[in-house]
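Here the structure comes first, spelled out in structure tokens, and everything after it is commentary.
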Amino acid sequence: MQSQTVGIFDAPKELGTGKTIVLGFQHVFAMFGATVLVPIITGLSVSVTLFCAGIATLWFHFITKRKVPIFLGSSFAFLGAFEIVAPKLVNESGAQVVPNLEKLPYACGGVVFAGLTYVIIAGLIHIFGVKKVMKLFPPIVTGPMIVLIGLILAPSAVNNITALVPTHGAISVLPAIVAIAVAIICNIWGKGMVKLLPILISIIVAYIVSIPLNLVDFSIMEGRSVVSLPPFATYSPFVGMKFELNAIITFVLVALAAVCEHVGDIAAISATCNRNYIEDPGLIRTLLGDGIGTSIAGMFGGPANTTYSENTGVVALTGVCDPVVMEIAAVIAILLSLSPLVDGLINTIPTPVIGGMSFILYGMISAVGLRTLVEYKVDFAKSRNVLIAAIIMVSGFAFEASPLHIAGLEFKGLATAAIFGILLNFILPGKDE
């Protein structure tokens, strides 16, 4: 890592207060689409999610001594965990997907434990060093697990796509097809911001297509004003926490994989700003910032957070590495959360559009698992690796359909597959370095 300073590290002094605030708004636009997409899919409140993202980001900056220009937004890595623990429901008329209020508290409890996993790993890194800790979770275990998450979720995406067929006919599937097609076109042939925002653009186009088909339920907007009190005082209460073993194991397993993403993001922002943030303020502090920020979000009823590459991209484009710009964006996110209109408008998105988005995102989750196996050059010429991957996949599907019950505890597919995979990797000889 080079030591010389590049970029702008004191934006108010070098650019002025006005331009610094504008840069803060730019970071809000960069994170907004992905951040609100997570509550759309999971059933959590958009307002609460924005509130938690802002609070978590401010906490991250506090614990890292205001040195790292990072924004914490909703993590896509935990979408699978939410769908497994608290799948959304379709109301009696089939008009829209509604939150699973019975199961969401357990998912939020899982988010709390996911954050605590970061804290534990930070402690282990402090004691043993990062290399020894990460050897406990090799690619031959995490790769197939990530593939399994996407495949387990695939049927729910199809169910969302076809949810309105009984009430609106086959034409109701059209917005999902449009969402998928637009996302692919933007990602493959798009330029500039179009290529960076394929999911957000696909939502907008599919939403517009849904309006003349009478698939948009505008009644959700009734009684919601532009200016209101914070989410916990209005129509959108914070989701309480509840705890169950299967939910905790599911979220902790995803958190173990997400830690690798965290390390990569910190390395990326270090390279972007030409400062070694892994050494100063240190990986332990960044993990504590991300982890405790995620636990706080879970306590309030928000999704797990993650360091946002979208905002790192903005830093690379602008050369402004001053953390104060991210702090301004965090405050703006909190202010946006005070308006129920934002939450209400987003919740009018029809079920097939959500299904189309999920169809792509769940497939991308599995693709990330395959990429993990390829990038880390897992050798499938070795019988041990084939056996580990095979047992993870088969046990995941089998026990998802028929959970394992031991001593009153229920072990579903993802949790059982992870236990088998970790044990086999530990027992079988011939580990890859």
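Labels used: A, B, ... for chains in the order of the structure tokens, numbers from 1 for residues in each chain, and numbers from 1 for ligands as shown.
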If we count only C-alpha atoms and set the cut-off at 12 Å, which residues sit around region 125-130 of chain A, ignoring sequence neighbours fewer than 3 positions away in its own chain? Please answer as a PDB file with C-alpha atoms, in the first residue's frame.
```pdb
ATOM      1  CA  TYR A 118     -18.801  -9.895  13.354  1.00  0.00           C
ATOM      2  CA  VAL A 119     -17.961  -8.890  16.919  1.00  0.00           C
ATOM      3  CA  ILE A 120     -16.841 -12.429  17.798  1.00  0.00           C
ATOM      4  CA  ILE A 121     -14.691 -12.663  14.662  1.00  0.00           C
ATOM      5  CA  ALA A 122     -13.145  -9.285  15.516  1.00  0.00           C
ATOM      6  CA  VAL A 133      -9.647 -17.428  11.755  1.00  0.00           C
ATOM      7  CA  MET A 134     -10.654 -17.453   8.097  1.00  0.00           C
ATOM      8  CA  LYS A 135      -9.232 -20.982   7.634  1.00  0.00           C
ATOM      9  CA  LEU A 136     -12.231 -22.266   9.604  1.00  0.00           C
ATOM     10  CA  PHE A 137     -14.497 -21.283   6.690  1.00  0.00           C
ATOM     11  CA  VAL A 259     -17.282 -11.096   6.701  1.00  0.00           C
ATOM     12  CA  CYS A 260     -15.216 -11.934   3.615  1.00  0.00           C
ATOM     13  CA  VAL A 263     -12.682  -7.441   4.280  1.00  0.00           C
ATOM     14  CA  ILE A 278      -6.960  -2.357   7.374  1.00  0.00           C
ATOM     15  CA  GLY A 282      -7.743  -1.474  11.730  1.00  0.00           C
ATOM     16  CA  LEU A 283      -9.908  -4.379  10.614  1.00  0.00           C
ATOM     17  CA  ILE A 284     -11.038  -5.040  14.169  1.00  0.00           C
ATOM     18  CA  ARG A 285     -12.616  -1.575  14.414  1.00  0.00           C
ATOM     19  CA  LEU A 287     -15.735  -5.205  11.892  1.00  0.00           C
ATOM     20  CA  LEU A 288     -17.036  -3.800  15.175  1.00  0.00           C
TER      21      LEU A 288
END
```
**Study point:** Shell around Ile422 (chain A) at 10 Å using only C-alpha atoms, local window under 3 positions removed, as a ChimeraX atom specification
**Key:** /A:136-138,140-142,388,392,417-419,425-427
Please dump the current selection as a PDB file, in the first residue's frame; keep N, CA and C atoms.
```
ATOM      1  N   LEU A 136     -11.115 -21.457   9.107  1.00  0.00           N
ATOM      2  CA  LEU A 136     -12.231 -22.266   9.604  1.00  0.00           C
ATOM      3  C   LEU A 136     -13.380 -22.318   8.597  1.00  0.00           C
ATOM      4  N   PHE A 137     -13.384 -21.380   7.638  1.00  0.00           N
ATOM      5  CA  PHE A 137     -14.497 -21.283   6.690  1.00  0.00           C
ATOM      6  C   PHE A 137     -13.949 -21.236   5.261  1.00  0.00           C
ATOM      7  N   PRO A 138     -13.432 -22.357   4.779  1.00  0.00           N
ATOM      8  CA  PRO A 138     -12.802 -22.380   3.450  1.00  0.00           C
ATOM      9  C   PRO A 138     -13.829 -22.303   2.328  1.00  0.00           C
ATOM     10  N   ILE A 140     -14.527 -24.317  -0.028  1.00  0.00           N
ATOM     11  CA  ILE A 140     -15.230 -25.559  -0.336  1.00  0.00           C
ATOM     12  C   ILE A 140     -16.485 -25.703   0.528  1.00  0.00           C
ATOM     13  N   VAL A 141     -16.539 -24.971   1.644  1.00  0.00           N
ATOM     14  CA  VAL A 141     -17.745 -24.971   2.478  1.00  0.00           C
ATOM     15  C   VAL A 141     -18.634 -23.777   2.141  1.00  0.00           C
ATOM     16  N   THR A 142     -18.049 -22.583   2.097  1.00  0.00           N
ATOM     17  CA  THR A 142     -18.856 -21.379   1.872  1.00  0.00           C
ATOM     18  C   THR A 142     -19.409 -21.315   0.448  1.00  0.00           C
ATOM     19  N   ILE A 388     -17.688 -33.232   0.003  1.00  0.00           N
ATOM     20  CA  ILE A 388     -18.162 -32.127   0.839  1.00  0.00           C
ATOM     21  C   ILE A 388     -19.239 -31.332   0.118  1.00  0.00           C
ATOM     22  N   ILE A 392     -23.261 -31.238   1.163  1.00  0.00           N
ATOM     23  CA  ILE A 392     -23.858 -29.930   1.475  1.00  0.00           C
ATOM     24  C   ILE A 392     -25.114 -29.707   0.635  1.00  0.00           C
ATOM     25  N   ALA A 417     -26.923 -28.436   6.419  1.00  0.00           N
ATOM     26  CA  ALA A 417     -25.888 -28.539   5.398  1.00  0.00           C
ATOM     27  C   ALA A 417     -24.583 -27.905   5.872  1.00  0.00           C
ATOM     28  N   ALA A 418     -24.677 -26.776   6.570  1.00  0.00           N
ATOM     29  CA  ALA A 418     -23.482 -26.100   7.059  1.00  0.00           C
ATOM     30  C   ALA A 418     -22.757 -26.941   8.102  1.00  0.00           C
ATOM     31  N   ILE A 419     -23.524 -27.536   9.006  1.00  0.00           N
ATOM     32  CA  ILE A 419     -22.921 -28.387  10.040  1.00  0.00           C
ATOM     33  C   ILE A 419     -22.190 -29.565   9.405  1.00  0.00           C
ATOM     34  N   ASN A 425     -15.163 -31.066   6.380  1.00  0.00           N
ATOM     35  CA  ASN A 425     -13.922 -30.372   6.041  1.00  0.00           C
ATOM     36  C   ASN A 425     -12.894 -30.514   7.155  1.00  0.00           C
ATOM     37  N   PHE A 426     -13.374 -30.572   8.380  1.00  0.00           N
ATOM     38  CA  PHE A 426     -12.470 -30.718   9.523  1.00  0.00           C
ATOM     39  C   PHE A 426     -11.911 -32.136   9.623  1.00  0.00           C
ATOM     40  N   ILE A 427     -12.751 -33.133   9.308  1.00  0.00           N
ATOM     41  CA  ILE A 427     -12.376 -34.533   9.508  1.00  0.00           C
ATOM     42  C   ILE A 427     -11.560 -35.098   8.341  1.00  0.00           C
TER      43      ILE A 427
END
```
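Put simply, CA of Lys19 (chain A) is 21.7 Å away from CA of Ile269 (chain A).
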Exercise for review: Pick out the residues sitting within 10 Å of Met364 (chain A), and hand them over as a PyMOL selection string; count only C-alpha atoms, and ignore anything fewer than 6 positions along from it in its own chain.
Suggested key: chain A and resi 146-147+150+358+370
Any chance you can output those residues with N, CA and C atoms as an mmCIF file, in the first residue's frame?
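Okay, again.cif is ready:
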```cif
data_model
loop_
_atom_site.group_PDB
_atom_site.id
_atom_site.type_symbol
_atom_site.label_atom_id
_atom_site.label_comp_id
_atom_site.auth_asym_id
_atom_site.auth_seq_id
_atom_site.Cartn_x
_atom_site.Cartn_y
_atom_site.Cartn_z
ATOM 1 N N ILE A 146 -23.432 -20.938 -0.427
ATOM 2 C CA ILE A 146 -24.010 -19.780 -1.109
ATOM 3 C C ILE A 146 -24.846 -20.232 -2.305
ATOM 4 N N VAL A 147 -24.350 -21.222 -3.055
ATOM 5 C CA VAL A 147 -25.131 -21.787 -4.161
ATOM 6 C C VAL A 147 -26.458 -22.323 -3.645
ATOM 7 N N GLY A 150 -29.328 -19.671 -2.919
ATOM 8 C CA GLY A 150 -30.059 -19.216 -4.102
ATOM 9 C C GLY A 150 -31.019 -20.257 -4.633
ATOM 10 N N SER A 358 -36.569 -10.773 -7.651
ATOM 11 C CA SER A 358 -36.074 -11.898 -6.854
ATOM 12 C C SER A 358 -35.494 -12.987 -7.750
ATOM 13 N N LEU A 370 -20.802 -20.065 -7.050
ATOM 14 C CA LEU A 370 -19.984 -20.708 -8.086
ATOM 15 C C LEU A 370 -18.704 -19.914 -8.338
#
```
Check your understanding: For the atom pair CA of Thr318 (chain A) and CA of Asn274 (chain A), what is the interatomic distance in Å to one decimal place?
Key -> 14.1 Å
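The nearest approach to Gly73 (chain A) among the residues A:Ala107, A:Leu245, A:Met326, A:Leu213, with only C-alpha atoms taken into account, belongs to A:Met326.
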Interface rows for region 138-208 of chain A against region 40-46 of chain A: nearest pair, Å to one decimal, 12 Å, only C-alpha atoms, as a tab-separated table:
```
residue	atom	partner	partner_atom	distance
A:Ser156	CA	A:Ile41	CA	11.1
A:Ala157	CA	A:Ile41	CA	10.1
A:Asn160	CA	A:Ile41	CA	10.4
A:Leu200	CA	A:Ile40	CA	11.8
A:Ile203	CA	A:Ile40	CA	10.9
```
Check your understanding: Smallest atom-to-atom distance to Lys13 (chain A): which of A:Val111, A:Val324, A:Ala316, A:Ala389, using only C-alpha atoms?
Key -> A:Val324
Check your understanding: What separation in Å, quoted to one decimal, exists between CA of Leu404 (chain A) and CA of Leu256 (chain A)?
Key -> 22.7 Å
Check your understanding: Of the candidates A:Ile84, A:Ala401, A:Leu148, A:Val112, which one gets nearest to Thr250 (chain A) if we count only C-alpha atoms?
Key -> A:Ile84
Review point. Which polymer residues have any atom within 7 Å of an atom of Pro175 (chain A), counting only C-alpha atoms, with same-chain residues fewer than 2 positions away left out, as a VMD selection string?
Key: chain A and resid 172 to 173 177 to 179 206 209 to 210 352 to 353
Could those selected residues go to a file with N, CA and C atoms, as a PDB file, in the first residue's frame?
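Generated output (again18.pdb):
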```
ATOM      1  N   SER A 172     -50.719 -10.818 -15.898  1.00  0.00           N
ATOM      2  CA  SER A 172     -50.075 -10.285 -14.695  1.00  0.00           C
ATOM      3  C   SER A 172     -48.604 -10.691 -14.594  1.00  0.00           C
ATOM      4  N   VAL A 173     -48.207 -11.672 -15.388  1.00  0.00           N
ATOM      5  CA  VAL A 173     -46.807 -12.107 -15.392  1.00  0.00           C
ATOM      6  C   VAL A 173     -45.931 -11.145 -16.194  1.00  0.00           C
ATOM      7  N   ILE A 177     -41.607 -10.304 -16.461  1.00  0.00           N
ATOM      8  CA  ILE A 177     -40.800 -10.523 -17.663  1.00  0.00           C
ATOM      9  C   ILE A 177     -40.090  -9.230 -18.057  1.00  0.00           C
ATOM     10  N   VAL A 178     -40.818  -8.117 -17.976  1.00  0.00           N
ATOM     11  CA  VAL A 178     -40.227  -6.815 -18.304  1.00  0.00           C
ATOM     12  C   VAL A 178     -39.091  -6.495 -17.339  1.00  0.00           C
ATOM     13  N   ALA A 179     -39.304  -6.738 -16.031  1.00  0.00           N
ATOM     14  CA  ALA A 179     -38.267  -6.458 -15.034  1.00  0.00           C
ATOM     15  C   ALA A 179     -36.999  -7.250 -15.317  1.00  0.00           C
ATOM     16  N   ALA A 206     -40.906  -1.712 -14.965  1.00  0.00           N
ATOM     17  CA  ALA A 206     -41.934  -2.723 -14.704  1.00  0.00           C
ATOM     18  C   ALA A 206     -43.112  -2.133 -13.942  1.00  0.00           C
ATOM     19  N   VAL A 209     -45.284  -0.341 -16.410  1.00  0.00           N
ATOM     20  CA  VAL A 209     -46.045  -1.326 -17.180  1.00  0.00           C
ATOM     21  C   VAL A 209     -47.212  -1.869 -16.358  1.00  0.00           C
ATOM     22  N   SER A 210     -47.041  -1.966 -15.041  1.00  0.00           N
ATOM     23  CA  SER A 210     -48.071  -2.540 -14.168  1.00  0.00           C
ATOM     24  C   SER A 210     -49.290  -1.644 -14.009  1.00  0.00           C
ATOM     25  N   PRO A 352     -45.671  -9.388  -8.882  1.00  0.00           N
ATOM     26  CA  PRO A 352     -44.869  -9.915  -9.995  1.00  0.00           C
ATOM     27  C   PRO A 352     -43.559  -9.156 -10.218  1.00  0.00           C
ATOM     28  N   VAL A 353     -43.569  -7.841  -9.957  1.00  0.00           N
ATOM     29  CA  VAL A 353     -42.333  -7.068 -10.099  1.00  0.00           C
ATOM     30  C   VAL A 353     -41.316  -7.535  -9.065  1.00  0.00           C
TER      31      VAL A 353
END
```
Review point. Which polymer residues have any atom within 9 Å of an atom of Pro99 (chain A), counting only C-alpha atoms, with same-chain residues fewer than 3 positions away left out, as a PyMOL selection string?
Key: chain A and resi 42-44+86-90+102-104
Point to revise | Which residue of A:Pro155, A:Ala257, A:Pro323, A:Ala297 approaches Thr372 (chain A) most closely, using only C-alpha atoms | key: A:Ala257
